$ cat protein20.txt   # compact mmCIF, C-alpha atoms and all ligand atoms
# COMPACT_ATOMS: atom_id res chain seq x y z
CA MET A 390 4.40 -26.80 10.54
CA ALA A 391 2.07 -28.94 12.62
CA GLY A 392 3.62 -29.58 15.98
CA TYR A 393 6.53 -27.22 15.58
CA HIS A 394 7.06 -24.93 18.49
CA LEU A 395 9.51 -22.05 18.40
CA GLU A 396 12.35 -22.65 20.84
CA THR A 397 12.69 -18.94 21.55
CA ASN A 398 10.58 -15.98 20.49
CA ASP A 399 13.45 -14.04 19.01
CA LEU A 400 15.68 -13.78 15.94
CA LYS A 401 17.47 -17.00 16.83
CA GLY A 402 14.31 -19.03 17.34
CA LEU A 403 12.82 -17.61 14.15
CA SER A 404 15.93 -18.28 12.12
CA LYS A 405 16.08 -21.85 13.44
CA TYR A 406 12.47 -22.44 12.40
CA ILE A 407 12.99 -20.98 8.91
CA LYS A 408 15.95 -23.32 8.39
CA SER A 409 14.29 -26.35 10.02
CA GLY A 410 12.60 -27.66 6.90
CA ASP A 411 9.25 -27.52 8.72
CA CYS A 412 8.69 -23.99 7.49
CA GLN A 413 7.83 -24.31 3.79
CA ASN A 414 5.15 -21.69 3.23
CA ILE A 415 5.89 -18.19 4.39
CA ALA A 416 3.20 -15.59 3.90
CA LEU A 417 4.35 -12.02 3.99
CA MET A 418 2.32 -8.90 4.58
CA VAL A 419 4.05 -5.71 3.56
CA PRO A 420 1.36 -3.13 4.02
CA LEU A 421 1.90 0.40 2.93
CA SER A 422 5.11 1.62 4.28
CA VAL A 423 7.81 -0.77 3.16
CA SER A 424 8.27 1.19 -0.02
CA THR A 425 8.61 4.53 1.60
CA SER A 426 12.21 3.96 2.56
CA ALA A 427 12.71 3.75 -1.19
CA GLY A 428 12.41 7.52 -1.19
CA ILE A 429 8.91 7.97 -2.51
CA PRO A 430 8.26 11.64 -1.94
CA ASP A 431 6.29 12.82 1.01
CA PHE A 432 3.54 15.34 0.44
CA ARG A 433 4.73 17.11 3.51
CA SER A 434 8.49 17.03 3.06
CA PRO A 435 10.19 20.20 1.95
CA GLY A 436 11.52 20.01 -1.55
CA THR A 437 9.37 17.21 -2.92
CA GLY A 438 6.90 19.46 -4.63
CA LEU A 439 4.28 16.77 -4.69
CA TYR A 440 1.67 18.53 -2.65
CA ALA A 441 2.47 21.89 -4.14
CA ASN A 442 1.92 20.36 -7.56
CA LEU A 443 -1.47 19.07 -6.52
CA ALA A 444 -2.38 22.29 -4.75
CA ARG A 445 -1.79 24.20 -7.96
CA LEU A 446 -4.30 21.94 -9.66
CA LYS A 447 -7.00 23.22 -7.33
CA LEU A 448 -8.40 19.89 -6.22
CA PRO A 449 -11.57 20.23 -4.16
CA TYR A 450 -9.79 18.01 -1.56
CA PRO A 451 -6.56 16.01 -1.86
CA GLU A 452 -8.30 12.64 -2.08
CA ALA A 453 -10.12 13.65 -5.25
CA VAL A 454 -6.99 12.72 -7.14
CA PHE A 455 -7.90 9.04 -6.65
CA GLU A 456 -11.62 9.42 -7.14
CA ILE A 457 -13.03 7.71 -10.20
CA ASN A 458 -15.77 10.28 -10.81
CA PHE A 459 -13.35 13.15 -10.46
CA PHE A 460 -10.93 11.35 -12.77
CA ARG A 461 -13.61 10.99 -15.45
CA ASN A 462 -14.03 14.76 -15.53
CA ASN A 463 -10.46 15.76 -14.90
CA PRO A 464 -7.66 13.18 -15.17
CA ILE A 465 -4.94 15.86 -15.07
CA PRO A 466 -4.33 15.78 -11.27
CA PHE A 467 -3.99 12.01 -11.26
CA TYR A 468 -1.51 12.02 -14.12
CA THR A 469 0.40 14.82 -12.45
CA LEU A 470 0.72 12.65 -9.35
CA ALA A 471 1.45 9.56 -11.43
CA HIS A 472 4.28 11.46 -13.09
CA GLU A 473 5.82 11.99 -9.64
CA LEU A 474 5.24 8.46 -8.39
CA TYR A 475 5.62 6.39 -11.52
CA PRO A 476 7.41 3.09 -11.01
CA GLY A 477 10.95 3.23 -12.18
CA LYS A 478 11.81 6.35 -10.26
CA PHE A 479 12.41 4.53 -7.01
CA ARG A 480 14.67 1.70 -6.05
CA PRO A 481 13.40 -1.35 -4.14
CA THR A 482 14.65 -1.56 -0.55
CA LEU A 483 16.49 -4.29 1.36
CA THR A 484 13.10 -5.48 2.55
CA HIS A 485 11.95 -5.96 -1.05
CA ALA A 486 15.14 -7.88 -1.75
CA PHE A 487 14.35 -10.10 1.26
CA ILE A 488 10.95 -10.97 -0.25
CA ARG A 489 12.73 -12.12 -3.39
CA LEU A 490 15.26 -14.04 -1.30
CA LEU A 491 12.45 -16.01 0.35
CA SER A 492 11.09 -16.73 -3.09
CA GLU A 493 14.49 -17.93 -4.35
CA HIS A 494 14.68 -20.29 -1.38
CA SER A 495 11.23 -21.59 -2.40
CA LEU A 496 9.82 -20.48 0.95
CA LEU A 497 7.49 -17.70 -0.16
CA SER A 498 3.88 -18.73 -0.43
CA MET A 499 2.59 -15.21 -1.07
CA CYS A 500 3.47 -11.56 -0.60
CA PHE A 501 0.45 -9.38 0.17
CA THR A 502 1.01 -5.74 -0.55
CA GLN A 503 -1.06 -2.59 -0.46
CA ASN A 504 1.60 -0.61 -2.21
CA ILE A 505 0.80 0.46 -5.74
CA ASP A 506 4.36 1.16 -6.78
CA THR A 507 5.30 -2.33 -8.05
CA LEU A 508 8.58 -2.29 -6.10
CA GLU A 509 8.04 -5.95 -5.16
CA ARG A 510 7.90 -6.89 -8.84
CA ARG A 511 10.92 -4.82 -9.64
CA ALA A 512 12.88 -6.45 -6.83
CA GLY A 513 12.37 -9.63 -8.84
CA VAL A 514 9.59 -11.25 -6.81
CA PRO A 515 7.62 -13.39 -9.30
CA GLU A 516 4.24 -11.97 -10.26
CA SER A 517 2.53 -15.19 -9.17
CA LYS A 518 3.79 -14.60 -5.61
CA ILE A 519 2.35 -11.10 -5.25
CA ILE A 520 -1.17 -10.03 -4.43
CA GLU A 521 -1.60 -6.29 -4.84
CA ALA A 522 -4.70 -5.54 -2.82
CA HIS A 523 -5.04 -2.04 -4.21
CA GLY A 524 -3.91 -2.89 -7.69
CA SER A 525 -0.83 -1.27 -9.14
CA PHE A 526 0.75 0.69 -11.93
CA ALA A 527 1.76 -2.60 -13.57
CA THR A 528 -1.19 -2.70 -15.98
CA GLN A 529 -3.76 -0.22 -17.26
CA ARG A 530 -6.94 -0.12 -19.29
CA CYS A 531 -9.71 2.04 -20.71
CA ILE A 532 -12.22 2.99 -18.02
CA LYS A 533 -15.06 2.73 -20.56
CA CYS A 534 -14.53 -0.47 -22.53
CA LYS A 535 -11.78 -1.98 -20.31
CA THR A 536 -9.46 -2.59 -23.26
CA PRO A 537 -5.86 -2.87 -22.00
CA PHE A 538 -3.48 -0.11 -23.03
CA ASP A 539 0.13 -0.58 -24.11
CA ASP A 540 2.69 -0.60 -21.26
CA ALA A 541 5.45 1.23 -23.11
CA LYS A 542 3.08 3.89 -24.43
CA ILE A 543 1.58 4.81 -21.09
CA LYS A 544 4.99 4.86 -19.49
CA GLU A 545 6.26 7.33 -22.04
CA MET A 546 3.18 9.51 -21.67
CA VAL A 547 3.35 9.53 -17.87
CA LEU A 548 7.05 10.26 -17.76
CA ASN A 549 6.60 13.14 -20.20
CA PHE A 550 3.39 14.33 -18.62
CA SER A 551 4.80 17.44 -17.01
CA LYS A 552 5.77 18.73 -20.45
CA ALA A 553 3.32 17.20 -22.90
CA ARG A 554 0.27 17.10 -20.57
CA LYS A 555 -1.15 14.34 -22.75
CA VAL A 556 -3.61 11.98 -21.06
CA PRO A 557 -3.64 8.41 -22.43
CA LYS A 558 -6.86 7.55 -24.25
CA CYS A 559 -8.30 4.28 -25.50
CA GLU A 560 -7.22 3.39 -29.01
CA ARG A 561 -10.20 1.24 -29.85
CA PRO A 562 -12.13 2.72 -32.76
CA ARG A 563 -14.97 5.00 -31.64
CA CYS A 564 -14.14 4.58 -27.92
CA GLY A 565 -11.57 7.16 -26.90
CA GLY A 566 -12.21 6.52 -23.18
CA LEU A 567 -9.69 7.61 -20.58
CA VAL A 568 -6.98 5.12 -19.70
CA LYS A 569 -6.19 4.52 -16.03
CA PRO A 570 -3.62 2.29 -14.32
CA ASP A 571 -5.25 -0.66 -12.55
CA ILE A 572 -5.07 0.99 -9.14
CA VAL A 573 -8.25 0.66 -7.10
CA PHE A 574 -9.80 4.13 -7.05
CA PHE A 575 -12.39 5.63 -4.80
CA GLY A 576 -15.71 4.59 -6.30
CA GLU A 577 -14.32 1.25 -7.47
CA ALA A 578 -14.88 -1.10 -4.54
CA VAL A 579 -13.91 -4.22 -6.44
CA PRO A 580 -10.54 -5.65 -5.39
CA PRO A 581 -8.32 -7.54 -7.78
CA PRO A 582 -9.75 -11.09 -8.14
CA ALA A 583 -6.61 -12.61 -6.64
CA PHE A 584 -7.42 -11.04 -3.30
CA SER A 585 -10.22 -13.51 -2.60
CA LYS A 586 -7.60 -16.26 -2.30
CA SER A 587 -5.91 -14.48 0.63
CA PRO A 588 -7.63 -16.13 3.61
CA SER A 589 -6.87 -19.67 2.46
CA ILE A 590 -3.25 -18.77 1.75
CA ILE A 591 -2.89 -17.38 5.27
CA ARG A 592 -4.59 -20.38 6.86
CA ASN A 593 -2.17 -22.73 5.10
CA ALA A 594 0.94 -20.76 5.94
CA ASP A 595 3.70 -22.17 8.16
CA LEU A 596 4.82 -18.69 9.11
CA LEU A 597 3.34 -15.22 8.75
CA ILE A 598 5.68 -12.26 8.63
CA VAL A 599 4.16 -8.80 8.95
CA ILE A 600 6.47 -5.95 8.05
CA GLY A 601 6.10 -2.24 8.67
CA THR A 602 2.48 -1.67 9.42
CA SER A 603 0.32 -0.08 12.07
CA LEU A 604 -2.14 -2.98 11.56
CA THR A 605 -5.04 -0.58 11.59
CA VAL A 606 -5.42 -1.15 7.89
CA HIS A 607 -7.99 -3.64 6.74
CA PRO A 608 -8.22 -6.17 5.29
CA PHE A 609 -4.59 -6.68 6.22
CA ALA A 610 -5.12 -6.52 9.95
CA SER A 611 -7.79 -9.21 9.66
CA LEU A 612 -5.40 -11.43 7.73
CA ALA A 613 -3.01 -11.35 10.71
CA GLU A 614 -5.92 -12.29 12.96
CA ILE A 615 -7.15 -15.27 10.92
CA CYS A 616 -3.69 -16.79 10.97
CA PRO A 617 -4.10 -20.07 12.94
CA ASP A 618 -3.03 -20.03 16.59
CA ASP A 619 -0.35 -22.67 16.11
CA CYS A 620 1.25 -20.79 13.20
CA PRO A 621 4.16 -18.61 14.31
CA ARG A 622 3.69 -14.93 13.50
CA VAL A 623 6.42 -12.35 13.22
CA LEU A 624 6.03 -8.60 13.47
CA ILE A 625 8.83 -6.41 12.17
CA ASN A 626 7.93 -2.82 12.93
CA ILE A 627 8.93 0.26 14.90
CA ASP A 628 6.05 -0.17 17.35
CA LEU A 629 4.15 -3.08 18.81
CA VAL A 630 0.80 -3.21 16.99
CA GLY A 631 -2.34 -5.31 16.67
CA ASP A 632 -2.56 -8.33 18.94
CA PHE A 633 1.07 -9.27 18.37
CA GLY A 634 2.69 -10.63 21.49
CA ASP A 635 -0.56 -12.22 22.73
CA ARG A 636 0.15 -15.64 21.28
CA ASP A 637 2.94 -17.86 22.51
CA GLN A 638 4.19 -18.37 18.93
CA ASP A 639 4.54 -14.62 18.27
CA VAL A 640 7.90 -13.06 17.56
CA VAL A 641 8.09 -9.30 17.87
CA LEU A 642 11.14 -7.64 16.33
CA LEU A 643 10.96 -3.93 16.90
CA GLY A 644 13.10 -1.61 14.83
CA LYS A 645 13.47 -0.21 11.33
CA CYS A 646 12.39 -2.79 8.77
CA ASP A 647 15.54 -2.79 6.66
CA GLU A 648 17.74 -3.07 9.75
CA VAL A 649 15.80 -5.93 11.31
CA ILE A 650 15.70 -7.75 7.97
CA LYS A 651 19.46 -7.40 7.73
CA GLU A 652 19.92 -8.86 11.23
CA LEU A 653 17.59 -11.72 10.41
CA CYS A 654 19.53 -12.50 7.26
CA GLU A 655 22.79 -12.44 9.22
CA GLU A 656 21.29 -14.96 11.62
CA LEU A 657 20.14 -17.09 8.69
CA GLY A 658 23.53 -16.85 7.02
CA TRP A 659 21.84 -15.19 4.04
CA GLU A 660 23.42 -11.77 4.34
CA GLU A 661 25.57 -12.09 1.25
CA GLU A 662 22.67 -13.33 -0.85
CA LEU A 663 20.50 -10.49 0.42
CA MET A 664 23.05 -7.86 -0.48
CA LYS A 665 23.59 -9.42 -3.89
CA LEU A 666 19.87 -9.33 -4.69
CA TRP A 667 19.63 -5.79 -3.43
CA GLU A 668 22.59 -4.74 -5.59
CA GLU A 669 20.67 -6.08 -8.58
CA THR A 670 17.79 -3.72 -7.87
CA ALA A 671 20.05 -0.75 -8.59
CA SER A 672 19.48 -1.33 -12.28
CA SER A 673 15.71 -1.51 -11.88
CA THR A 674 15.31 2.26 -11.88
CA ASP A 675 14.98 4.09 -15.16
CA ALA A 676 18.03 6.17 -14.47
CA THR A 677 18.54 7.03 -18.12
CA ASP A 678 15.08 8.45 -18.60
CA SER A 679 15.19 12.18 -19.11
CA ALA A 680 12.00 12.76 -17.17
CA ILE A 681 13.16 10.85 -14.12
CA ASP A 682 14.66 13.62 -12.12
CA SER A 683 11.65 15.73 -11.45
CA THR A 684 13.79 18.60 -10.27
CA THR A 685 15.15 18.97 -13.79
CA ASP A 686 11.81 19.59 -15.41
CA GLY A 687 10.32 23.02 -15.33
CA ALA A 688 6.95 22.34 -13.75
CA SER A 689 8.34 20.31 -10.88
CA SER A 690 11.16 22.63 -10.03
CA VAL A 691 8.71 25.47 -9.77
CA ALA A 692 6.71 23.28 -7.44
CA VAL A 693 9.81 22.48 -5.42
CA GLU A 694 10.48 26.15 -4.93
CA GLU A 695 6.89 26.70 -3.92
CA SER A 696 6.95 23.88 -1.47
CA ARG A 697 10.05 25.30 0.13
CA SER A 698 8.25 28.50 0.82
CA SER A 699 4.87 29.32 2.24
CA SER A 700 2.68 27.20 0.02
CA LYS A 701 4.19 24.12 1.58
CA LYS A 702 2.93 25.17 4.95
CA ALA A 703 -0.44 26.08 3.55
CA GLY A 704 -0.54 22.70 1.84
CA ASN A 705 0.19 20.91 5.08
CA GLU A 706 -2.50 22.78 6.87
CA MET A 707 -5.01 22.05 4.14
CA LEU A 708 -4.18 18.36 4.25
CA GLU A 709 -4.25 18.21 8.03
CA ALA A 710 -7.56 20.03 8.11
CA ALA A 711 -9.04 17.77 5.46
CA VAL A 712 -7.95 14.66 7.34
CA ALA A 713 -9.21 15.94 10.68
CA LYS A 714 -12.57 16.79 9.18
CA LEU A 715 -12.81 13.44 7.47
CA ALA A 716 -11.86 11.59 10.64
CA GLU A 717 -14.52 13.43 12.59
CA ARG A 718 -17.20 12.66 10.02
CA ILE A 719 -16.16 9.02 9.84
CA GLU A 720 -16.27 8.60 13.59
CA LYS A 721 -19.75 10.01 13.68
CA GLN A 722 -20.90 7.82 10.82
CA MET A 723 -19.23 4.73 12.25
CA ALA A 724 -21.06 5.26 15.52
CA LEU A 725 -24.32 5.26 13.58
CA GLY A 726 -23.30 2.23 11.55
CA GLU A 727 -22.34 0.39 14.72
CA GLN A 728 -25.86 0.72 16.09
CA GLU A 729 -27.36 -0.56 12.89
CA ALA A 730 -24.99 -3.49 12.77
CA THR A 731 -25.95 -4.49 16.31
CA GLU A 732 -29.41 -5.13 15.04
CA SER A 733 -28.34 -7.20 12.06
CA GLY A 734 -26.27 -10.19 13.07
CA SER A 735 -22.97 -11.05 14.71
CA SER A 736 -20.84 -11.68 11.64
CA GLU A 737 -21.60 -8.22 10.40
CA ASN A 738 -20.74 -6.83 13.80
CA ARG A 739 -17.41 -8.48 13.55
CA ALA A 740 -16.76 -7.03 10.15
CA LYS A 741 -17.78 -3.66 11.39
CA ASP A 742 -15.56 -3.89 14.41
CA SER A 743 -12.69 -4.61 12.17
CA THR A 744 -13.07 -1.34 10.35
CA SER A 745 -13.96 0.92 13.23
CA THR A 746 -10.41 1.35 14.32
CA SER A 747 -9.65 4.46 16.24
CA ILE A 748 -8.59 7.16 13.91
CA SER A 749 -8.59 10.11 16.20
CA GLY A 750 -5.05 9.73 17.52
CA ASP A 751 -2.19 9.96 15.12
CA LYS A 752 -3.58 11.49 11.98
CA ALA A 753 -0.79 10.12 9.86
CA ARG A 754 -2.03 6.70 10.85
CA ALA A 755 -5.67 7.44 10.43
CA SER A 756 -5.90 4.42 8.26
CA VAL A 757 -9.10 2.53 7.88
CA VAL A 758 -9.63 0.67 4.68
CA PRO A 759 -12.79 -1.28 4.09
CA GLU A 760 -12.37 -4.86 3.03
CA PRO A 761 -12.79 -4.48 -0.68
CA ARG A 762 -15.14 -7.44 -1.14
CA ASP A 763 -16.68 -7.93 2.26
CA SER A 764 -16.74 -4.31 3.20
CA PRO A 765 -19.43 -3.77 5.78
CA ALA A 766 -20.28 -0.70 3.79
CA SER A 767 -21.06 -2.69 0.69
CA ALA A 768 -22.20 -5.93 2.29
CA ASN A 769 -24.40 -4.54 5.00
CA PRO A 770 -27.56 -3.02 3.61
CA GLY A 771 -28.02 -1.29 6.95
CA VAL A 772 -25.12 1.01 6.23
CA ASP A 773 -26.20 4.02 4.27
CA GLU A 774 -24.58 5.75 1.34
CA PRO A 775 -22.76 8.44 3.36
CA VAL A 776 -20.99 5.78 5.44
CA LYS A 777 -20.04 3.87 2.33
CA ARG A 778 -18.79 7.02 0.75
CA LEU A 779 -16.81 8.03 3.80
CA LEU A 780 -15.21 4.61 4.14
CA LEU A 781 -14.14 4.70 0.56
CA GLN A 782 -13.00 8.25 0.90
CA LEU A 783 -10.83 7.34 3.83
CA LYS A 784 -9.44 4.45 1.86
CA VAL A 785 -8.43 6.81 -0.87
CA HIS A 786 -6.96 9.17 1.63
CA LEU A 787 -5.01 6.25 2.94
CA MET A 788 -3.74 5.40 -0.50
CA THR A 789 -2.59 8.97 -0.85
CA VAL A 790 -0.85 8.93 2.48
CA ALA A 791 0.33 5.37 1.96
CA VAL A 792 2.78 6.26 -0.70
CA VAL A 793 4.19 9.12 1.26
CA ASN A 794 4.48 7.81 4.80
CA ARG A 795 7.93 6.90 5.98
CA THR A 796 8.87 3.41 7.04
CA GLY A 797 7.99 2.70 10.60
CA GLU A 798 7.43 6.33 11.48
ZN ZN A 801 -12.12 2.04 -24.63
$ encode --input "protein20.txt" --output "structure tokens"
Amino acid sequence: MAGYHLETNDLKGLSKYIKSGDCQNIALMVPLSVSTSAGIPDFRSPGTGLYANLARLKLPYPEAVFEINFFRNNPIPFYTLAHELYPGKFRPTLTHAFIRLLSEHSLLSMCFTQNIDTLERRAGVPESKIIEAHGSFATQRCIKCKTPFDDAKIKEMVLNFSKARKVPKCERPRCGGLVKPDIVFFGEAVPPPAFSKSPSIIRNADLLIVIGTSLTVHPFASLAEICPDDCPRVLINIDLVGDFGDRDQDVVLLGKCDEVIKELCEELGWEEELMKLWEETASSTDATDSAIDSTTDGASSVAVEESRSSSKKAGNEMLEAAVAKLAERIEKQMALGEQEATESGSSENRAKDSTSTSISGDKARASVVPEPRDSPASANPGVDEPVKRLLLQLKVHLMTVAVVNRTGE
């Protein structure tokens, strides 16, 4: 990469660089919304039933579904949601197929994802090339003794959950703890160990491609920032975000992810390969599973009906109100935290800055996630418990919204 300079900051220049032989290590960030064009149901869309299902479970607030302490007492809401979202119900998108294509061309150094739906894996991207910053549904274990639980068994239980209502429990003698997929929950600040390797991977990249993100989500936004100045960066998104466009090696490709990816592959002469890999993903859904179509099972179709009527609206309002309230509390707490950080060193200030993104504007994008390991909340002793709690709470809210937001919207 050293010395290479993009001829033009557009599709052509990018494509030329990718094919030049100088671009060997491509790091990809696919935060949050890439998977949503795969049809993962939106809490707020009529007919999905997701929120209505949760509303019927009388959660104290929507985020509780991903809260570890809540889960310990009542795992039913989580498994109800898991039933709706479980991997295998949704097909990877063109963008996921593109990630695999880079890997097949031996150009992918790493794909960083915040999605928990394992669509990258199911598109055929090798496990060693994926870092799931929030964990995923790919593995699961007992929350007490940490003993792993069988993949096939949990899958069957989750897919049948709406009928059997059976929560997976640890099978180790005398344990019987609850089993939970290895998704990072509220109250579990520890990121997957692989995540600590992220900065060095980004620093050694020849090209960074950021797809479908508002870049208000940390630690992903910081990864885009630590990318060296002489490393070309590409943003593929509906809107211009972050500091993209500031550097002379930045390429900004605005539009819908799948469409831009298709254009890029045409330019690269990879269109046929892309479509072939995407065709293969059609068989990655569990189309034969009886529990797949949630509208065919009793509980969900009731929920669908509900969501079509008034409870959907009520649900929206509840969610909106909860988010607004949370945002307000966070802003207040962040202001306090900011003062404290000012007194305790510049590196902490920096970390704090990186999480104090404005969240008052578009609520759907009110996305602030603390850096799992270096979270100012956990690293800075000056930040009190309420701030820590709020940061984590917002993170969980984000995870909830993450799986339901639409690509680039
Ligand atoms: Zn156990």
$ atom_distance --input "protein20.txt" --atom1 "CA of Phe575 (chain A)" --atom2 "CA of Phe467 (chain A)"
12.4 Å
$ residues_near_ligand --input "protein20.txt" --ligand "ligand ZN 801 (chain A)" --cutoff "10 Å" --atoms "all atoms listed in the file" --output "count of residues only"
20
$ atom_distance --input "protein20.txt" --atom1 "CA of Ser525 (chain A)" --atom2 "CA of Ile572 (chain A)"
4.8 Å
$ closest_residue --input "protein20.txt" --among "A:Lys645, A:Lys586, A:Arg511, A:Lys401" --to "Leu624 (chain A)" --atoms "all atoms listed in the file"
A:Lys645
$ residues_around --input "protein20.txt" --residues "region 508-510 of chain A" --least-positions-apart "5" --cutoff "9 Å" --atoms "all atoms listed in the file" --output "JSON, numbers by chain"
{"A": [424, 427, 476, 477, 479, 480, 481, 482, 485, 486, 488, 489, 500, 502, 515, 516, 519, 527]}
$ residues_around --input "protein20.txt" --residues "Asn626 (chain A)" --least-positions-apart "2" --cutoff "9 Å" --atoms "all atoms listed in the file" --output "PyMOL selection string"
chain A and resi 599-603+624+628-630+641-646+649+796-797
$ closest_residue --input "protein20.txt" --among "A:Glu668, A:Asp540, A:Asp647, A:Asp399" --to "Gly634 (chain A)" --atoms "all atoms listed in the file"
A:Asp399
$ residues_around --input "protein20.txt" --residues "Phe487 (chain A)" --least-positions-apart "4" --cutoff "7 Å" --atoms "only C-alpha atoms" --output "MDAnalysis selection string"
chainID A and resid 483 491 663
$ residues_around --input "protein20.txt" --residues "Leu395 (chain A)" --least-positions-apart "5" --cutoff "9 Å" --atoms "all atoms listed in the file" --output "PDB file with C-alpha atoms, in the coordinates of the input"
ATOM      1  CA  GLY A 402      14.310 -19.030  17.340  1.00  0.00           C
ATOM      2  CA  LEU A 403      12.820 -17.610  14.150  1.00  0.00           C
ATOM      3  CA  LYS A 405      16.080 -21.850  13.440  1.00  0.00           C
ATOM      4  CA  TYR A 406      12.470 -22.440  12.400  1.00  0.00           C
ATOM      5  CA  PRO A 621       4.160 -18.610  14.310  1.00  0.00           C
ATOM      6  CA  ASP A 637       2.940 -17.860  22.510  1.00  0.00           C
ATOM      7  CA  GLN A 638       4.190 -18.370  18.930  1.00  0.00           C
ATOM      8  CA  ASP A 639       4.540 -14.620  18.270  1.00  0.00           C
TER       9      ASP A 639
END
$ atom_distance --input "protein20.txt" --atom1 "CA of Cys412 (chain A)" --atom2 "CA of Tyr393 (chain A)"
9.0 Å
$ closest_residue --input "protein20.txt" --among "A:Asp539, A:Ala453, A:Gln503, A:Ser409" --to "Ala522 (chain A)" --atoms "only C-alpha atoms"
A:Gln503
$ closest_residue --input "protein20.txt" --among "A:Leu446, A:Leu497, A:Ile465, A:Ile407" --to "Ile591 (chain A)" --atoms "all atoms listed in the file"
A:Leu497
$ residues_around --input "protein20.txt" --residues "Val573 (chain A)" --least-positions-apart "2" --cutoff "7 Å" --atoms "all atoms listed in the file" --output "PyMOL selection string"
chain A and resi 523-524+571+575+577+580
$ closest_residue --input "protein20.txt" --among "A:His494, A:Arg592, A:Lys518, A:His472" --to "Ile543 (chain A)" --atoms "all atoms listed in the file"
A:His472
$ closest_residue --input "protein20.txt" --among "A:Pro466, A:Cys620, A:Ser585, A:Leu597" --to "Pro449 (chain A)" --atoms "all atoms listed in the file"
A:Pro466
